[in-house]
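Chemist: Provided herewith: data-v9.txt, compact mmCIF, C-alpha atoms and all ligand atoms.
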# COMPACT_ATOMS: atom_id res chain seq x y z
CA MET E 1 18.28 3.12 12.74
CA SER E 2 21.38 2.70 10.59
CA ALA E 3 22.40 5.38 8.10
CA SER E 4 21.54 3.02 5.25
CA VAL E 5 17.84 3.01 6.14
CA ASP E 6 17.44 6.59 7.25
CA GLY E 7 15.96 8.50 4.32
CA ALA E 8 17.02 11.79 5.86
CA HIS E 9 20.64 10.75 5.34
CA THR E 10 20.32 8.99 2.01
CA GLY E 11 17.71 11.09 0.19
CA PHE E 12 15.61 7.94 -0.19
CA HIS E 13 12.12 7.27 1.11
CA THR E 14 12.29 6.67 4.88
CA PRO E 15 10.83 3.26 5.75
CA VAL E 16 8.10 3.51 8.40
CA LEU E 17 7.93 1.38 11.55
CA TYR E 18 11.27 -0.01 10.44
CA GLN E 19 12.39 -1.73 13.64
CA ARG E 20 8.90 -3.05 14.40
CA VAL E 21 8.78 -4.64 10.95
CA LEU E 22 12.19 -6.28 11.31
CA ASN E 23 11.41 -7.61 14.78
CA ALA E 24 8.03 -8.98 13.72
CA LEU E 25 9.52 -10.87 10.78
CA ARG E 26 11.76 -12.92 13.12
CA LEU E 27 14.39 -13.05 10.41
CA ARG E 28 16.47 -16.19 9.94
CA ALA E 29 19.79 -16.67 8.19
CA ASP E 30 18.23 -19.11 5.74
CA GLY E 31 14.76 -17.54 5.41
CA ARG E 32 12.85 -16.59 2.27
CA TYR E 33 11.06 -13.27 2.37
CA ILE E 34 8.92 -11.26 0.01
CA ASP E 35 8.84 -7.49 0.02
CA GLY E 36 5.72 -6.94 -2.10
CA THR E 37 6.26 -3.16 -2.33
CA ILE E 38 10.02 -2.74 -2.36
CA GLY E 39 10.01 0.99 -3.23
CA ALA E 40 13.45 2.38 -2.44
CA GLY E 41 14.35 -0.82 -0.62
CA GLY E 42 14.52 0.58 2.91
CA HIS E 43 12.74 -2.33 4.58
CA SER E 44 14.46 -4.83 2.29
CA ALA E 45 17.88 -3.45 3.25
CA GLY E 46 17.07 -4.32 6.85
CA ILE E 47 15.69 -7.74 5.96
CA LEU E 48 18.81 -8.59 3.96
CA GLU E 49 21.19 -7.25 6.61
CA ASN E 50 19.47 -9.21 9.34
CA SER E 51 19.08 -12.49 7.46
CA SER E 52 22.68 -12.87 6.34
CA PRO E 53 24.42 -14.93 5.13
CA ASN E 54 21.77 -16.85 3.19
CA GLY E 55 18.42 -15.08 3.62
CA GLN E 56 16.76 -14.38 0.29
CA VAL E 57 14.42 -11.55 -0.65
CA LEU E 58 12.03 -11.32 -3.57
CA GLY E 59 11.21 -7.64 -4.12
CA LEU E 60 8.26 -6.53 -6.22
CA ASP E 61 7.15 -3.14 -7.41
CA ARG E 62 4.75 -1.98 -10.09
CA ASP E 63 6.96 1.03 -10.71
CA PRO E 64 10.11 0.30 -12.75
CA ALA E 65 11.71 3.53 -11.47
CA ALA E 66 11.34 2.28 -7.88
CA LEU E 67 12.85 -1.07 -8.81
CA ALA E 68 15.83 0.67 -10.42
CA GLN E 69 16.41 2.62 -7.20
CA ALA E 70 16.13 -0.51 -5.08
CA LYS E 71 18.51 -2.33 -7.41
CA SER E 72 21.23 0.27 -7.16
CA ARG E 73 20.80 0.83 -3.43
CA LEU E 74 20.88 -2.88 -2.65
CA ALA E 75 23.57 -3.80 -5.21
CA HIS E 76 25.81 -5.28 -2.51
CA PHE E 77 23.08 -7.84 -1.74
CA SER E 78 22.53 -8.80 -5.37
CA ASN E 79 23.32 -12.49 -4.79
CA ARG E 80 20.41 -12.72 -2.29
CA LEU E 81 17.98 -10.25 -3.82
CA HIS E 82 15.58 -11.02 -6.67
CA LEU E 83 13.65 -8.16 -8.24
CA ARG E 84 10.51 -8.32 -10.34
CA ASN E 85 8.47 -5.57 -11.95
CA GLY E 86 4.84 -6.41 -11.18
CA SER E 87 2.03 -6.31 -8.69
CA PHE E 88 1.71 -8.11 -5.37
CA ALA E 89 -1.73 -9.08 -6.69
CA GLU E 90 0.25 -11.70 -8.67
CA VAL E 91 2.63 -12.57 -5.86
CA ALA E 92 2.13 -16.33 -6.29
CA GLU E 93 3.23 -16.12 -9.91
CA HIS E 94 6.30 -14.06 -9.03
CA ALA E 95 7.26 -16.50 -6.26
CA ALA E 96 6.81 -19.42 -8.68
CA TRP E 97 9.28 -17.72 -11.04
CA LEU E 98 11.91 -18.38 -8.35
CA GLY E 99 10.55 -21.86 -7.71
CA TRP E 100 9.25 -20.74 -4.31
CA THR E 101 6.02 -22.36 -3.14
CA THR E 102 6.26 -21.09 0.45
CA VAL E 103 7.92 -18.15 2.19
CA ASP E 104 8.81 -17.26 5.79
CA GLY E 105 7.61 -13.67 5.75
CA LEU E 106 5.84 -11.20 3.53
CA LEU E 107 5.59 -7.44 3.84
CA LEU E 108 3.23 -5.03 2.08
CA ASP E 109 3.97 -1.36 2.73
CA LEU E 110 1.06 0.15 0.83
CA GLY E 111 0.60 3.38 -1.08
CA LEU E 112 3.28 5.50 -2.64
CA SER E 113 6.83 6.43 -1.77
CA SER E 114 8.23 9.90 -1.07
CA MET E 115 10.14 9.72 -4.36
CA GLN E 116 6.90 9.21 -6.28
CA LEU E 117 5.09 11.92 -4.34
CA ASN E 118 7.93 14.41 -4.73
CA ASP E 119 8.40 13.88 -8.48
CA PRO E 120 6.08 16.41 -10.17
CA ALA E 121 6.15 14.44 -13.43
CA ARG E 122 4.29 11.56 -11.75
CA GLY E 123 1.30 13.76 -10.97
CA PHE E 124 0.65 12.44 -7.43
CA SER E 125 0.97 15.75 -5.60
CA PHE E 126 -1.57 18.56 -5.45
CA LEU E 127 1.22 20.91 -4.37
CA ARG E 128 3.41 20.52 -7.47
CA GLU E 129 2.55 21.33 -11.06
CA GLY E 130 2.49 18.15 -13.14
CA PRO E 131 0.43 16.06 -15.55
CA LEU E 132 -2.67 14.23 -14.27
CA ASP E 133 -0.98 10.83 -14.29
CA MET E 134 -0.76 8.99 -10.90
CA ARG E 135 0.08 5.57 -12.38
CA PHE E 136 2.46 3.35 -10.42
CA ASP E 137 2.97 1.38 -13.61
CA PRO E 138 3.61 3.83 -16.46
CA THR E 139 2.66 1.23 -19.11
CA GLN E 140 -0.85 0.93 -17.78
CA PRO E 141 -3.31 2.69 -20.13
CA THR E 142 -5.56 4.68 -17.74
CA THR E 143 -4.29 7.88 -16.12
CA ALA E 144 -5.89 10.21 -13.59
CA GLY E 145 -6.50 12.60 -16.49
CA ASP E 146 -8.66 9.97 -18.20
CA LEU E 147 -10.83 9.59 -15.09
CA VAL E 148 -11.06 13.33 -14.51
CA ASN E 149 -11.87 14.22 -18.11
CA TYR E 150 -13.94 11.30 -19.35
CA LEU E 151 -15.87 9.69 -16.48
CA PRO E 152 -19.58 10.59 -16.38
CA GLU E 153 -20.31 12.92 -13.46
CA ASP E 154 -22.17 10.32 -11.39
CA GLU E 155 -19.30 7.81 -11.73
CA LEU E 156 -16.75 10.46 -10.83
CA GLU E 157 -18.79 11.39 -7.75
CA ASP E 158 -19.04 7.73 -6.75
CA LEU E 159 -15.27 7.23 -7.12
CA ILE E 160 -14.46 10.35 -5.07
CA PHE E 161 -16.94 9.35 -2.39
CA ARG E 162 -15.96 5.69 -2.13
CA PHE E 163 -12.18 5.93 -2.49
CA GLY E 164 -11.68 9.39 -1.00
CA GLU E 165 -14.47 9.34 1.62
CA GLU E 166 -15.01 12.96 0.53
CA PRO E 167 -18.31 14.20 1.99
CA ARG E 168 -18.50 16.86 -0.73
CA ALA E 169 -17.99 14.41 -3.58
CA SER E 170 -21.00 15.63 -5.53
CA GLN E 171 -19.83 19.27 -5.43
CA VAL E 172 -16.32 18.22 -6.48
CA ALA E 173 -17.57 16.08 -9.37
CA ARG E 174 -19.88 18.86 -10.58
CA GLU E 175 -17.15 21.50 -10.48
CA VAL E 176 -14.66 19.19 -12.23
CA VAL E 177 -17.13 18.40 -15.01
CA ARG E 178 -17.92 22.11 -15.45
CA ASN E 179 -14.23 22.90 -15.90
CA ARG E 180 -13.19 20.04 -18.19
CA PRO E 181 -10.80 19.45 -19.79
CA LEU E 182 -8.27 19.69 -16.95
CA HIS E 183 -4.62 19.07 -17.69
CA THR E 184 -2.51 19.59 -14.58
CA THR E 185 -2.45 18.75 -10.89
CA LEU E 186 -2.57 22.40 -9.82
CA GLU E 187 -5.51 23.15 -12.13
CA LEU E 188 -7.38 20.21 -10.62
CA ALA E 189 -6.42 21.18 -7.04
CA GLU E 190 -7.76 24.68 -7.64
CA VAL E 191 -11.09 23.41 -8.98
CA ILE E 192 -11.46 21.04 -6.01
CA THR E 193 -10.62 23.82 -3.55
CA ARG E 194 -13.35 25.98 -5.10
CA ALA E 195 -15.85 23.13 -4.72
CA VAL E 196 -14.91 22.10 -1.19
CA GLY E 197 -13.99 25.49 0.26
CA ARG E 198 -10.93 26.18 2.36
CA SER E 199 -12.83 26.13 5.71
CA ARG E 200 -10.94 25.12 8.84
CA ARG E 201 -9.89 21.72 7.59
CA ARG E 202 -6.67 20.26 8.92
CA ILE E 203 -5.86 18.75 5.55
CA HIS E 204 -5.56 20.33 2.09
CA PRO E 205 -8.99 20.42 0.38
CA ALA E 206 -7.69 18.26 -2.50
CA THR E 207 -6.30 15.47 -0.28
CA ARG E 208 -9.32 13.17 -0.43
CA THR E 209 -9.99 13.59 -4.14
CA PHE E 210 -6.35 12.99 -5.06
CA GLN E 211 -6.36 9.85 -2.88
CA ALA E 212 -9.53 8.65 -4.63
CA LEU E 213 -8.06 9.17 -8.09
CA ARG E 214 -4.84 7.39 -7.18
CA ILE E 215 -6.72 4.41 -5.75
CA GLY E 216 -8.95 4.32 -8.82
CA VAL E 217 -6.14 4.64 -11.38
CA ASN E 218 -4.14 1.82 -9.77
CA SER E 219 -7.09 -0.38 -8.63
CA GLU E 220 -5.34 -0.39 -5.28
CA LEU E 221 -8.07 -1.93 -3.13
CA LYS E 222 -8.68 -4.78 -5.56
CA ALA E 223 -4.93 -5.48 -5.68
CA LEU E 224 -4.85 -5.61 -1.88
CA GLU E 225 -7.77 -8.05 -1.65
CA VAL E 226 -6.27 -10.40 -4.22
CA GLY E 227 -2.73 -10.01 -2.87
CA LEU E 228 -3.74 -10.90 0.69
CA THR E 229 -5.36 -14.16 -0.40
CA GLN E 230 -2.29 -15.21 -2.35
CA ALA E 231 0.00 -14.13 0.47
CA VAL E 232 -1.71 -16.36 3.04
CA ASP E 233 -1.53 -19.30 0.64
CA LEU E 234 2.21 -18.76 0.30
CA MET E 235 3.12 -18.53 3.98
CA ASN E 236 5.04 -21.27 5.74
CA SER E 237 3.78 -22.41 9.17
CA GLY E 238 4.89 -19.74 11.63
CA GLY E 239 5.59 -17.29 8.81
CA ARG E 240 4.56 -13.71 9.40
CA LEU E 241 2.42 -11.54 7.15
CA LEU E 242 2.78 -7.78 7.74
CA VAL E 243 0.74 -5.01 6.16
CA ILE E 244 1.32 -1.29 6.64
CA SER E 245 -1.60 0.82 5.46
CA PHE E 246 -2.06 4.57 5.34
CA HIS E 247 -5.81 5.10 5.29
CA SER E 248 -8.92 3.51 6.70
CA LEU E 249 -10.10 1.87 3.47
CA GLU E 250 -6.95 -0.22 3.24
CA ASP E 251 -6.78 -0.91 6.96
CA ARG E 252 -10.40 -2.12 6.98
CA ILE E 253 -9.68 -4.64 4.23
CA VAL E 254 -6.64 -5.97 6.10
CA LYS E 255 -8.45 -6.10 9.44
CA GLN E 256 -11.46 -7.94 8.00
CA TYR E 257 -9.39 -10.39 6.02
CA PHE E 258 -7.10 -11.20 8.97
CA ARG E 259 -10.17 -11.66 11.21
CA GLN E 260 -11.88 -13.95 8.74
CA GLU E 261 -8.79 -16.07 8.26
CA SER E 262 -8.31 -16.42 12.03
CA LYS E 263 -11.73 -18.09 12.49
CA ASP E 264 -12.67 -21.73 12.26
CA CYS E 265 -16.15 -20.89 11.00
CA ILE E 266 -17.33 -17.93 8.96
CA CYS E 267 -21.03 -18.89 8.76
CA PRO E 268 -23.49 -16.06 9.53
CA ASP E 269 -23.85 -15.50 13.32
CA ARG E 270 -27.46 -16.72 13.47
CA GLN E 271 -26.80 -20.01 11.68
CA PRO E 272 -27.03 -22.85 14.28
CA ILE E 273 -24.83 -25.38 12.47
CA CYS E 274 -21.60 -24.68 10.59
CA THR E 275 -21.78 -25.44 6.90
CA CYS E 276 -18.83 -23.38 5.64
CA GLY E 277 -16.04 -25.83 6.45
CA HIS E 278 -13.71 -22.87 6.88
CA ARG E 279 -10.60 -23.47 8.97
CA ALA E 280 -8.46 -20.80 10.63
CA ARG E 281 -5.17 -20.25 8.79
CA LEU E 282 -3.92 -17.21 10.66
CA ARG E 283 -3.23 -16.21 14.24
CA LEU E 284 -3.72 -12.50 14.86
CA LEU E 285 -0.73 -10.87 16.50
CA THR E 286 -2.19 -7.35 16.50
CA ARG E 287 -5.79 -6.87 17.69
CA LYS E 288 -5.18 -3.17 17.27
CA PRO E 289 -2.77 -1.87 14.65
CA ILE E 290 0.70 -0.73 15.66
CA ARG E 291 1.18 3.02 15.18
CA PRO E 292 4.43 4.96 14.98
CA ASP E 293 5.47 6.72 18.15
CA VAL E 294 5.77 10.47 18.57
CA SER E 295 9.48 10.57 17.82
CA GLU E 296 9.05 8.68 14.54
CA VAL E 297 6.26 11.02 13.43
CA ARG E 298 8.38 14.02 14.37
CA ALA E 299 11.29 12.71 12.30
CA ASN E 300 9.10 11.52 9.42
CA PRO E 301 5.68 13.21 9.29
CA ARG E 302 4.65 10.88 6.47
CA ALA E 303 4.55 8.07 9.07
CA ARG E 304 1.69 9.85 10.88
CA SER E 305 -1.13 7.72 9.44
CA ALA E 306 0.74 4.39 9.21
CA ARG E 307 -0.88 1.32 10.77
CA LEU E 308 0.83 -2.04 10.93
CA ARG E 309 -1.12 -5.29 11.27
CA ILE E 310 0.62 -8.62 11.71
CA ALA E 311 -0.65 -12.20 11.45
CA GLU E 312 1.11 -15.55 11.70
CA ARG E 313 0.38 -18.54 9.50
CA LEU E 314 -0.94 -21.50 11.45
CA GLU E 315 0.18 -25.07 10.80
CA LEU E 316 -0.16 -25.88 7.11
CA ALA E 317 -3.11 -28.22 6.47
C1 LIG G 401 5.37 3.07 0.59
S1 LIG G 401 6.29 2.59 -0.82
C2 LIG G 401 7.30 1.30 -0.20
C3 LIG G 401 8.54 1.81 0.45
C4 LIG G 401 9.51 0.72 0.88
N1 LIG G 401 8.97 -0.11 1.92
C5 LIG G 401 10.83 1.32 1.32
O1 LIG G 401 11.25 1.06 2.45
O2 LIG G 401 11.47 2.03 0.54
C6 LIG G 401 5.11 1.69 -1.73
C7 LIG G 401 5.62 1.13 -3.04
O3 LIG G 401 4.65 0.16 -3.46
C8 LIG G 401 4.52 0.20 -4.85
N2 LIG G 401 3.23 -0.41 -5.16
C9 LIG G 401 1.99 0.12 -5.02
N3 LIG G 401 1.06 -0.80 -5.35
C10 LIG G 401 1.72 -1.93 -5.70
C11 LIG G 401 1.32 -3.24 -6.11
N4 LIG G 401 0.02 -3.56 -6.24
N5 LIG G 401 2.27 -4.16 -6.34
C12 LIG G 401 3.59 -3.86 -6.20
N6 LIG G 401 4.03 -2.64 -5.84
C13 LIG G 401 3.11 -1.69 -5.57
C14 LIG G 401 4.67 1.67 -5.20
O4 LIG G 401 5.08 1.82 -6.53
C15 LIG G 401 5.73 2.12 -4.18
O5 LIG G 401 7.02 2.05 -4.74
Could you take the file, read its structure, and then write that structure out as structure tokens?

Modeler:
Amino acid sequence: MSASVDGAHTGFHTPVLYQRVLNALRLRADGRYIDGTIGAGGHSAGILENSSPNGQVLGLDRDPAALAQAKSRLAHFSNRLHLRNGSFAEVAEHAAWLGWTTVDGLLLDLGLSSMQLNDPARGFSFLREGPLDMRFDPTQPTTAGDLVNYLPEDELEDLIFRFGEEPRASQVAREVVRNRPLHTTLELAEVITRAVGRSRRRIHPATRTFQALRIGVNSELKALEVGLTQAVDLMNSGGRLLVISFHSLEDRIVKQYFRQESKDCICPDRQPICTCGHRARLRLLTRKPIRPDVSEVRANPRARSARLRIAERLELA
């Protein structure tokens, strides 16, 4: 890993599965690549370095602060780097802005960056005092505080259960509603801890509820579903689509979508004759997701839950 990508040396977010991502993209000197979640630009730095002299990267991020970091870090690649503030759920529109109708590789490194997590003002961390915000895009109207303070109890429970897979969702929702209004991350974490109990859990009691709120605030699963469809449409024959996810809800969506798009027929199993007309568009390159090895997790504990799935676009119809 070069010093320019190692977050420990630069103070930036450390890109996970860095070398695996670069190898899987099979970078070419004239390729067009999309980094749908550019963050601090760690993966993009590698893509640009390894696709010189003419490889182009379109980098997207919903967070303007992340884009500003990527812009300054990657300034020496500015003639080959195009940055857009927006969601990968609109990746086709962003590509069209450059006149691109196809690309040779596309990466989604989901979730949030270390910079976002470590900035108390963003409200992502249950360990740091901050406002209940959690928006990737600060112009978006709904914050975590809105969900926490205004959702009816049954909807809050449903959100915490579905997006956080929190078995004690009903206790958490009840305790939150009893203590409203809540204003800060630490206040909320304390209420959740009371509801869930400290027990012998490996993870902090607020982990699942904070995950649920973040997913809800940013409509993350919906964005992933829409983004994947557009991504496959954009891929050139032989182009590689890579997704790194950090929890089972995201990974399930990627796995199911890749599976579906690798089949010639998606009719129900019991149906004797195919009526769907579906044709495979992807070849699966990872039956099981790629996980970071022990040394990566030791150097970057945040990589612990990362799972990389890769698919290749089949011949364009
Ligand atoms: C894990 S970080 C990416 C880190 C990056 N690969 C690097 O090496 O620095 C995820 C980034 O995705 C952004 N993000 C989350 N959802 C997004 C979406 N739907 N569209 C675009 N960016 C998104 C977040 O703001 C965050 O900056």

Chemist: Go through E:Ala40, E:Leu22, E:Met134, E:Ala280 and flag the residue nearest ligand LIG 401 (chain G), using all atoms listed in the file for the distances.

Modeler: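 For ligand LIG 401 (chain G), the nearest of the candidates is E:Ala40.
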
Chemist: Pick out the closest residue to ligand LIG 401 (chain G) from this set: E:Asp30, E:Glu250, E:Glu166, E:Asp293. Count only C-alpha atoms and all ligand atoms.

Modeler: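 So, comparing all the options, the nearest one is E:Glu250.
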
Chemist: Using all atoms listed in the file, what does the table of chain E residues within 8 Å of ligand LIG 401 (chain G) look like, with each row giving the shortest atom pair and its distance in Å to one decimal, sorted by chain and ascending number, as JSON lines?

Modeler:
{"residue": "E:Val5", "atom": "CA", "partner": "G:LIG401", "partner_atom": "O1", "distance": 7.8}
{"residue": "E:Phe12", "atom": "CA", "partner": "G:LIG401", "partner_atom": "O2", "distance": 7.3}
{"residue": "E:His13", "atom": "CA", "partner": "G:LIG401", "partner_atom": "O2", "distance": 5.3}
{"residue": "E:Thr14", "atom": "CA", "partner": "G:LIG401", "partner_atom": "O1", "distance": 6.2}
{"residue": "E:Pro15", "atom": "CA", "partner": "G:LIG401", "partner_atom": "O1", "distance": 4.0}
{"residue": "E:Val16", "atom": "CA", "partner": "G:LIG401", "partner_atom": "O1", "distance": 7.2}
{"residue": "E:Asp35", "atom": "CA", "partner": "G:LIG401", "partner_atom": "N1", "distance": 7.6}
{"residue": "E:Gly36", "atom": "CA", "partner": "G:LIG401", "partner_atom": "C12", "distance": 5.6}
{"residue": "E:Thr37", "atom": "CA", "partner": "G:LIG401", "partner_atom": "O3", "distance": 3.9}
{"residue": "E:Ile38", "atom": "CA", "partner": "G:LIG401", "partner_atom": "C4", "distance": 4.8}
{"residue": "E:Gly39", "atom": "CA", "partner": "G:LIG401", "partner_atom": "O5", "distance": 3.5}
{"residue": "E:Ala40", "atom": "CA", "partner": "G:LIG401", "partner_atom": "O2", "distance": 3.6}
{"residue": "E:Gly41", "atom": "CA", "partner": "G:LIG401", "partner_atom": "O2", "distance": 4.2}
{"residue": "E:Gly42", "atom": "CA", "partner": "G:LIG401", "partner_atom": "O1", "distance": 3.3}
{"residue": "E:His43", "atom": "CA", "partner": "G:LIG401", "partner_atom": "O1", "distance": 4.3}
{"residue": "E:Ser44", "atom": "CA", "partner": "G:LIG401", "partner_atom": "O1", "distance": 6.7}
{"residue": "E:Leu60", "atom": "CA", "partner": "G:LIG401", "partner_atom": "C12", "distance": 5.4}
{"residue": "E:Asp61", "atom": "CA", "partner": "G:LIG401", "partner_atom": "N6", "distance": 3.5}
{"residue": "E:Arg62", "atom": "CA", "partner": "G:LIG401", "partner_atom": "N6", "distance": 4.4}
{"residue": "E:Asp63", "atom": "CA", "partner": "G:LIG401", "partner_atom": "O4", "distance": 4.7}
{"residue": "E:Ala66", "atom": "CA", "partner": "G:LIG401", "partner_atom": "O5", "distance": 5.3}
{"residue": "E:Leu67", "atom": "CA", "partner": "G:LIG401", "partner_atom": "O5", "distance": 7.8}
{"residue": "E:Ala70", "atom": "CA", "partner": "G:LIG401", "partner_atom": "O2", "distance": 7.7}
{"residue": "E:Asn85", "atom": "CA", "partner": "G:LIG401", "partner_atom": "C12", "distance": 7.7}
{"residue": "E:Gly86", "atom": "CA", "partner": "G:LIG401", "partner_atom": "C12", "distance": 5.7}
{"residue": "E:Ser87", "atom": "CA", "partner": "G:LIG401", "partner_atom": "N5", "distance": 3.2}
{"residue": "E:Phe88", "atom": "CA", "partner": "G:LIG401", "partner_atom": "N5", "distance": 4.1}
{"residue": "E:Ala89", "atom": "CA", "partner": "G:LIG401", "partner_atom": "N4", "distance": 5.8}
{"residue": "E:Leu108", "atom": "CA", "partner": "G:LIG401", "partner_atom": "N1", "distance": 7.6}
{"residue": "E:Asp109", "atom": "CA", "partner": "G:LIG401", "partner_atom": "C1", "distance": 5.1}
{"residue": "E:Leu110", "atom": "CA", "partner": "G:LIG401", "partner_atom": "C6", "distance": 5.0}
{"residue": "E:Gly111", "atom": "CA", "partner": "G:LIG401", "partner_atom": "C6", "distance": 4.9}
{"residue": "E:Leu112", "atom": "CA", "partner": "G:LIG401", "partner_atom": "C6", "distance": 4.3}
{"residue": "E:Ser113", "atom": "CA", "partner": "G:LIG401", "partner_atom": "S1", "distance": 4.0}
{"residue": "E:Ser114", "atom": "CA", "partner": "G:LIG401", "partner_atom": "S1", "distance": 7.6}
{"residue": "E:Gln116", "atom": "CA", "partner": "G:LIG401", "partner_atom": "O5", "distance": 7.3}
{"residue": "E:Phe136", "atom": "CA", "partner": "G:LIG401", "partner_atom": "O4", "distance": 4.9}
{"residue": "E:Asp137", "atom": "CA", "partner": "G:LIG401", "partner_atom": "O4", "distance": 7.4}
{"residue": "E:Asn218", "atom": "CA", "partner": "G:LIG401", "partner_atom": "N3", "distance": 7.3}
{"residue": "E:Glu220", "atom": "CA", "partner": "G:LIG401", "partner_atom": "N4", "distance": 6.3}
{"residue": "E:Ala223", "atom": "CA", "partner": "G:LIG401", "partner_atom": "N4", "distance": 5.3}
{"residue": "E:Leu224", "atom": "CA", "partner": "G:LIG401", "partner_atom": "N4", "distance": 6.9}
{"residue": "E:Gly227", "atom": "CA", "partner": "G:LIG401", "partner_atom": "N4", "distance": 7.8}

Chemist: What's the separation between atom CA of E:Arg32 and atom CA of E:Trp100, in Å to one decimal place?

Modeler: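 Distance reported for this atom pair: 8.6 Å.
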
Chemist: Using all atoms listed in the file for the distances, tell me which of E:Glu165, E:Asp233, E:Asp154, E:Asp251 is nearest to E:Arg313.

Modeler: E:Asp233

Chemist: For stretch 112-115 of chain E, take all atoms listed in the file, fit an axis-aligned box around them, add 5 Å to each of the six sides, then output centre and edge lengths in Å rounded to one decimal, as JSON.

Modeler:
{"center_x": 6.7, "center_y": 7.7, "center_z": -2.7, "size_x": 16.9, "size_y": 14.4, "size_z": 13.3}

Chemist: May I ask which of the residues E:Leu159, E:Leu186, E:Leu74, E:Ile34 is the closest one to E:Leu127, counting all atoms listed in the file?

Modeler: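 Ranked by minimum distance to E:Leu127, first place goes to E:Leu186.
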
Chemist: Atom CA of E:Leu151 and atom CA of E:Arg174 are how many Å apart?

Modeler: 11.6 Å

Chemist: What's the separation between atom CA of E:Ser78 and atom CA of E:Ala92, in Å to one decimal place?

Modeler: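 Going from atom CA of E:Ser78 over to atom CA of E:Ala92 covers 21.8 Å.
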
Chemist: Between E:Phe246, E:Phe126, E:Glu296, E:Leu228, which one has atoms that come closest to E:Ile192, using only C-alpha atoms?

Modeler: E:Phe126

Chemist: If we count all atoms listed in the file and set the cut-off at 7 Å, which residues sit around E:Ile290, ignoring sequence neighbours fewer than 6 positions away in its own chain? Please answer as an MDAnalysis selection string.

Modeler: chainID E and resid 307:309

Chemist: When distances are computed from all atoms listed in the file, which of E:Glu315, E:Val177, E:Arg252, E:Pro152 shows the smallest separation from E:Arg279?

Modeler: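 Using all atoms listed in the file, the shortest distance to E:Arg279 belongs to E:Glu315.
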
Chemist: Take the point (8.3, -17.2, -11.5) as written in the file and pick out every residue within 12 Å of it, counting only C-alpha atoms; give the list as a list in words.

Modeler: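 Answer for this query, in the requested form: Leu58, Leu60, His82, Leu83, Arg84, Asn85, Gly86, Glu90, Val91, Ala92, Glu93, His94, Ala95, Ala96, Trp97, Leu98, Gly99, Trp100 and Thr101 of chain E.
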
Chemist: Counting all atoms listed in the file, find residues at most 10 Å from (1.5, -10.9, 15.6) (file frame) and give them as number ranges by chain.

Modeler: E: 24-25, 240-242, 282-287, 309-313

Chemist: So that I can check the surroundings of E:Arg281, please list as an NGL selection string every protein, DNA and RNA residue that reaches within 6 Å of it, counting all atoms listed in the file and ignoring chain neighbours fewer than 2 positions away.

Modeler: :E and (261-262 or 313-314)

Chemist: Please provide the set of residues having any atom within 10 Å of E:Pro131, restricted to only C-alpha atoms, with same-chain residues fewer than 2 positions apart removed, written as a ChimeraX atom specification.

Modeler: /E:120-125,128-129,133-134,143-145,182-187

Chemist: How would the residues just picked look written out with C-alpha atoms as an mmCIF file, keeping the file's coordinate frame?

Modeler:
data_model
loop_
_atom_site.group_PDB
_atom_site.id
_atom_site.type_symbol
_atom_site.label_atom_id
_atom_site.label_comp_id
_atom_site.auth_asym_id
_atom_site.auth_seq_id
_atom_site.Cartn_x
_atom_site.Cartn_y
_atom_site.Cartn_z
ATOM 1 C CA PRO E 120 6.080 16.410 -10.170
ATOM 2 C CA ALA E 121 6.150 14.440 -13.430
ATOM 3 C CA ARG E 122 4.290 11.560 -11.750
ATOM 4 C CA GLY E 123 1.300 13.760 -10.970
ATOM 5 C CA PHE E 124 0.650 12.440 -7.430
ATOM 6 C CA SER E 125 0.970 15.750 -5.600
ATOM 7 C CA ARG E 128 3.410 20.520 -7.470
ATOM 8 C CA GLU E 129 2.550 21.330 -11.060
ATOM 9 C CA ASP E 133 -0.980 10.830 -14.290
ATOM 10 C CA MET E 134 -0.760 8.990 -10.900
ATOM 11 C CA THR E 143 -4.290 7.880 -16.120
ATOM 12 C CA ALA E 144 -5.890 10.210 -13.590
ATOM 13 C CA GLY E 145 -6.500 12.600 -16.490
ATOM 14 C CA LEU E 182 -8.270 19.690 -16.950
ATOM 15 C CA HIS E 183 -4.620 19.070 -17.690
ATOM 16 C CA THR E 184 -2.510 19.590 -14.580
ATOM 17 C CA THR E 185 -2.450 18.750 -10.890
ATOM 18 C CA LEU E 186 -2.570 22.400 -9.820
ATOM 19 C CA GLU E 187 -5.510 23.150 -12.130
#

Chemist: Which neighbours of stretch 263-268 of chain E fall inside 7 Å, counting all atoms listed in the file, when residues of the same chain fewer than 5 positions from it are skipped, and could you give them as a PyMOL selection string?

Modeler: chain E and resi 274-280

Chemist: Can I get a file of stretch 115-119 of chain E from the given structure, N, CA and C atoms kept, as a PDB file, in the first residue's frame?

Modeler:
ATOM      1  N   MET E 115     -13.971   9.924   8.415  1.00  0.00           N
ATOM      2  CA  MET E 115     -14.055  11.371   8.684  1.00  0.00           C
ATOM      3  C   MET E 115     -15.458  11.742   9.145  1.00  0.00           C
ATOM      4  N   GLN E 116     -16.459  11.148   8.506  1.00  0.00           N
ATOM      5  CA  GLN E 116     -17.847  11.432   8.905  1.00  0.00           C
ATOM      6  C   GLN E 116     -18.112  10.895  10.308  1.00  0.00           C
ATOM      7  N   LEU E 117     -17.672   9.670  10.560  1.00  0.00           N
ATOM      8  CA  LEU E 117     -17.913   9.048  11.862  1.00  0.00           C
ATOM      9  C   LEU E 117     -17.215   9.829  12.981  1.00  0.00           C
ATOM     10  N   ASN E 118     -16.012  10.302  12.685  1.00  0.00           N
ATOM     11  CA  ASN E 118     -15.217  10.951  13.738  1.00  0.00           C
ATOM     12  C   ASN E 118     -15.559  12.426  13.952  1.00  0.00           C
ATOM     13  N   ASP E 119     -16.401  12.987  13.099  1.00  0.00           N
ATOM     14  CA  ASP E 119     -16.760  14.402  13.254  1.00  0.00           C
ATOM     15  C   ASP E 119     -18.034  14.486  14.105  1.00  0.00           C
TER      16      ASP E 119
END
